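Trainee: Supplied in C-alpha cells, the structure appears directly below.
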Amino acid sequence: MLTVRQRLLALLTLCLALLAAPGLPAQAAGQASERASGQAAGQASGQAAARTAAHDPVVFVHGYNADPGVWGSLREDLRADGYADSELYSFGYDTHQSVNEVLAGRLAAYVDEVRRQTGAARVDLVAHSFGSLVTRWYVKFGGGGASVGHWVSLAGPNRGTSTAWACALWDQACRDMTPGSYVVKNLNSGDETPGAVKYATFWSNCDEVVNPDDSVPLTGAVNTAVGCLKHNDLLGDDPTSAGVRAFLRS
C-alpha cells in the first residue's frame, strides 16, 4: 500500500505531466479568441452589408375575390431581376372585410413580421384592385408611412368604382369600394400621396371593373396608362411588369 508521501509524489507527477502536455498557451488562447471574435464581427459586418445591398422586401396584396396565386408572373419577373424568394412575400386575406376596421391592421402586423424576419427597415407594397385601398389605408392612417418605400397600385379603385354597387348591399368590401364611401372619401382627403413614400399607379382605359377608368391615378403619384387591357390582365402584362420593376428600382 502506498504511503501518504508516495501518494503526494504521484499526484505531483501527474500535475506536472498535465502542465507539460501539448495544449493551447494562455496567450495563444487569447489570440485565438480575438481571431474568432474578429471573424464573427467580420461575418456580421458582411451580413449587414449584404442586408444594405439587398432589395427591400416586396409584399404583394391581391384584390377582391382573389388570392396570392395571382402574383405568379410578377414574382417570376422579379426573381429574374435578382430578387431572392426570401425577399418576396404575399399577404393573403379575406377580401369581404372592412378596409379600415380589419384589413389594414392585419396588413400592418404582416409587414411588421416581414421586417422582423428580414431585418429590413422598409418594404415595398404592390397591390392589385381592392388591395390598393387596403395598402393605402395602412400607409396613410395605419402607421405604414415609415415602413414603406414604394407603393404600387395596379388597377386600383382609388376613387371608387360604380361596379361595386352590385355587391354593396351584402358585402363590406364592396361598400368600401363604392364612390364616396367612408374609405374612399378619407383616403382622398388632403394629401392623396402622403409622406416620403414613392407612389405609382398603372391603369387601363379598357378596365371593365374600375369605372370610371381614371379612378386609378392619384395626385402626386407616377401614373402610367398601360393601354387597352382588362382588369386582371395587368397582372401578367409584360410592359406593366417592366414598369413596376423599374419603379421599384427608383
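Each chain of the C-alpha cells is named A, B, ... in the order shown, its residues numbered from 1; ligands are numbered from 1 in display order.
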Considering only C-alpha atoms, return as a list in words whatever protein or nucleic-acid residues lie within 10 Å of Pro57 of chain A, sequence-local ones (same chain, fewer than 6 positions apart) excluded.
Mentor: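 Final neighbour list, sorted by chain and number: Tyr83, Ala84, Asp85, Ser86, Glu87, Leu88, Tyr89, Val111, Val114, Arg115, Thr118, Gly119, Ala120, Ala121, Arg122, Val123, Asp124, Leu125, Val148 and Gly149 of chain A.
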Trainee: Going by DSSP on the backbone, which bits of segment 103-231 of chain A are alpha helix (DSSP H)? Write them as a ChimeraX atom specification, please.
Mentor: /A:104-118,131-141,172-177,182-187
Trainee: Please, could you write that set of residues out with N, CA and C atoms as a JSON list (two decimals), in the first residue's frame?
Mentor:
[["chain", "number", "residue", "atom", "x", "y", "z"],
["A", 104, "ALA", "N", -56.50, 46.67, -42.89],
["A", 104, "ALA", "CA", -55.28, 47.47, -42.82],
["A", 104, "ALA", "C", -54.45, 47.11, -41.59],
["A", 105, "GLY", "N", -55.12, 46.81, -40.48],
["A", 105, "GLY", "CA", -54.41, 46.40, -39.27],
["A", 105, "GLY", "C", -53.73, 45.06, -39.42],
["A", 106, "ARG", "N", -54.40, 44.13, -40.11],
["A", 106, "ARG", "CA", -53.78, 42.82, -40.33],
["A", 106, "ARG", "C", -52.59, 42.94, -41.27],
["A", 107, "LEU", "N", -52.71, 43.80, -42.26],
["A", 107, "LEU", "CA", -51.56, 44.04, -43.15],
["A", 107, "LEU", "C", -50.40, 44.63, -42.36],
["A", 108, "ALA", "N", -50.68, 45.56, -41.46],
["A", 108, "ALA", "CA", -49.63, 46.17, -40.64],
["A", 108, "ALA", "C", -48.87, 45.10, -39.85],
["A", 109, "ALA", "N", -49.60, 44.17, -39.27],
["A", 109, "ALA", "CA", -48.97, 43.10, -38.50],
["A", 109, "ALA", "C", -48.12, 42.21, -39.41],
["A", 110, "TYR", "N", -48.61, 41.96, -40.61],
["A", 110, "TYR", "CA", -47.88, 41.14, -41.56],
["A", 110, "TYR", "C", -46.58, 41.83, -41.98],
["A", 111, "VAL", "N", -46.65, 43.11, -42.29],
["A", 111, "VAL", "CA", -45.46, 43.87, -42.68],
["A", 111, "VAL", "C", -44.44, 43.88, -41.54],
["A", 112, "ASP", "N", -44.91, 44.07, -40.32],
["A", 112, "ASP", "CA", -44.01, 44.06, -39.17],
["A", 112, "ASP", "C", -43.27, 42.72, -39.06],
["A", 113, "GLU", "N", -43.98, 41.63, -39.34],
["A", 113, "GLU", "CA", -43.37, 40.31, -39.26],
["A", 113, "GLU", "C", -42.35, 40.13, -40.39],
["A", 114, "VAL", "N", -42.66, 40.62, -41.58],
["A", 114, "VAL", "CA", -41.71, 40.54, -42.69],
["A", 114, "VAL", "C", -40.45, 41.32, -42.34],
["A", 115, "ARG", "N", -40.61, 42.50, -41.79],
["A", 115, "ARG", "CA", -39.45, 43.31, -41.42],
["A", 115, "ARG", "C", -38.64, 42.63, -40.32],
["A", 116, "ARG", "N", -39.32, 41.99, -39.38],
["A", 116, "ARG", "CA", -38.61, 41.29, -38.30],
["A", 116, "ARG", "C", -37.80, 40.12, -38.87],
["A", 117, "GLN", "N", -38.40, 39.37, -39.77],
["A", 117, "GLN", "CA", -37.73, 38.21, -40.33],
["A", 117, "GLN", "C", -36.54, 38.59, -41.20],
["A", 118, "THR", "N", -36.66, 39.66, -41.95],
["A", 118, "THR", "CA", -35.64, 40.03, -42.91],
["A", 118, "THR", "C", -34.63, 41.03, -42.38],
["A", 131, "GLY", "N", -56.92, 45.59, -53.21],
["A", 131, "GLY", "CA", -55.73, 45.65, -52.35],
["A", 131, "GLY", "C", -55.12, 47.03, -52.28],
["A", 132, "SER", "N", -55.41, 47.86, -53.30],
["A", 132, "SER", "CA", -54.89, 49.23, -53.30],
["A", 132, "SER", "C", -55.48, 50.04, -52.14],
["A", 133, "LEU", "N", -56.76, 49.82, -51.85],
["A", 133, "LEU", "CA", -57.39, 50.55, -50.74],
["A", 133, "LEU", "C", -56.84, 50.08, -49.40],
["A", 134, "VAL", "N", -56.64, 48.78, -49.26],
["A", 134, "VAL", "CA", -56.10, 48.23, -48.01],
["A", 134, "VAL", "C", -54.71, 48.79, -47.74],
["A", 135, "THR", "N", -53.87, 48.78, -48.76],
["A", 135, "THR", "CA", -52.49, 49.25, -48.57],
["A", 135, "THR", "C", -52.44, 50.75, -48.37],
["A", 136, "ARG", "N", -53.29, 51.49, -49.08],
["A", 136, "ARG", "CA", -53.30, 52.95, -48.89],
["A", 136, "ARG", "C", -53.72, 53.33, -47.48],
["A", 137, "TRP", "N", -54.70, 52.64, -46.95],
["A", 137, "TRP", "CA", -55.15, 52.95, -45.59],
["A", 137, "TRP", "C", -54.04, 52.67, -44.58],
["A", 138, "TYR", "N", -53.35, 51.57, -44.79],
["A", 138, "TYR", "CA", -52.23, 51.23, -43.91],
["A", 138, "TYR", "C", -51.16, 52.32, -43.96],
["A", 139, "VAL", "N", -50.81, 52.78, -45.16],
["A", 139, "VAL", "CA", -49.78, 53.79, -45.31],
["A", 139, "VAL", "C", -50.22, 55.12, -44.73],
["A", 140, "LYS", "N", -51.46, 55.53, -45.03],
["A", 140, "LYS", "CA", -51.91, 56.87, -44.65],
["A", 140, "LYS", "C", -52.37, 56.97, -43.21],
["A", 141, "PHE", "N", -53.05, 55.95, -42.72],
["A", 141, "PHE", "CA", -53.64, 56.03, -41.38],
["A", 141, "PHE", "C", -53.16, 54.95, -40.41],
["A", 172, "GLN", "N", -69.14, 44.17, -47.16],
["A", 172, "GLN", "CA", -68.50, 45.38, -46.64],
["A", 172, "GLN", "C", -67.39, 45.88, -47.56],
["A", 173, "ALA", "N", -66.61, 44.97, -48.11],
["A", 173, "ALA", "CA", -65.53, 45.40, -49.00],
["A", 173, "ALA", "C", -66.09, 46.11, -50.22],
["A", 174, "CYS", "N", -67.19, 45.64, -50.75],
["A", 174, "CYS", "CA", -67.82, 46.31, -51.89],
["A", 174, "CYS", "C", -68.30, 47.70, -51.50],
["A", 175, "ARG", "N", -68.85, 47.83, -50.30],
["A", 175, "ARG", "CA", -69.26, 49.15, -49.84],
["A", 175, "ARG", "C", -68.06, 50.09, -49.74],
["A", 176, "ASP", "N", -66.93, 49.54, -49.30],
["A", 176, "ASP", "CA", -65.72, 50.36, -49.19],
["A", 176, "ASP", "C", -65.23, 50.84, -50.55],
["A", 177, "MET", "N", -65.53, 50.09, -51.61],
["A", 177, "MET", "CA", -65.06, 50.44, -52.95],
["A", 177, "MET", "C", -66.01, 51.37, -53.71],
["A", 182, "TYR", "N", -66.93, 55.89, -47.04],
["A", 182, "TYR", "CA", -66.10, 56.40, -45.94],
["A", 182, "TYR", "C", -64.62, 56.20, -46.25],
["A", 183, "VAL", "N", -64.28, 55.01, -46.75],
["A", 183, "VAL", "CA", -62.88, 54.69, -47.04],
["A", 183, "VAL", "C", -62.35, 55.55, -48.17],
["A", 184, "VAL", "N", -63.05, 55.60, -49.28],
["A", 184, "VAL", "CA", -62.59, 56.38, -50.44],
["A", 184, "VAL", "C", -62.49, 57.86, -50.10],
["A", 185, "LYS", "N", -63.49, 58.37, -49.39],
["A", 185, "LYS", "CA", -63.50, 59.79, -49.04],
["A", 185, "LYS", "C", -62.30, 60.16, -48.16],
["A", 186, "ASN", "N", -62.00, 59.34, -47.17],
["A", 186, "ASN", "CA", -60.89, 59.64, -46.27],
["A", 186, "ASN", "C", -59.52, 59.45, -46.93],
["A", 187, "LEU", "N", -59.42, 58.45, -47.78],
["A", 187, "LEU", "CA", -58.14, 58.24, -48.46],
["A", 187, "LEU", "C", -57.79, 59.40, -49.38]]
Trainee: Separation of atom CA of Val99 of chain A and atom CA of Ser204 of chain A, in Å?
Mentor: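 These atoms are spaced 23.7 Å apart.
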Trainee: Select, from A:Val126, A:Ala80, A:Val209, A:Leu248, the residue with the minimum atom-to-atom distance to Pro68 of chain A, counting only C-alpha atoms.
Mentor: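 Using only C-alpha atoms, the shortest distance to Pro68 of chain A belongs to A:Val126.
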Trainee: Rounded to one decimal, what separation in Å do you get between atom CA of Trp203 of chain A and atom CA of Arg79 of chain A?
Mentor: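 Distance reported for this atom pair: 24.0 Å.
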Trainee: Atom CA of Leu234 of chain A and atom CA of Trp165 of chain A, how far apart in Å?
Mentor: 23.0 Å
Trainee: Apply DSSP to the backbone of this structure and, from segment 53-248 of chain A, keep only the residues in strand (DSSP E or B); write these as number ranges by chain.
Mentor: A: 58-61, 88-91, 123-128, 148-154, 198-203, 222-225
Trainee: Rank A:Ser129, A:Val222, A:Phe202, A:Phe91 by their smallest atom-to-atom distance to Asp237 of chain A, using only C-alpha atoms, and report the top residue only.
Mentor: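 Among the listed residues, the smallest separation from Asp237 of chain A belongs to A:Phe202.
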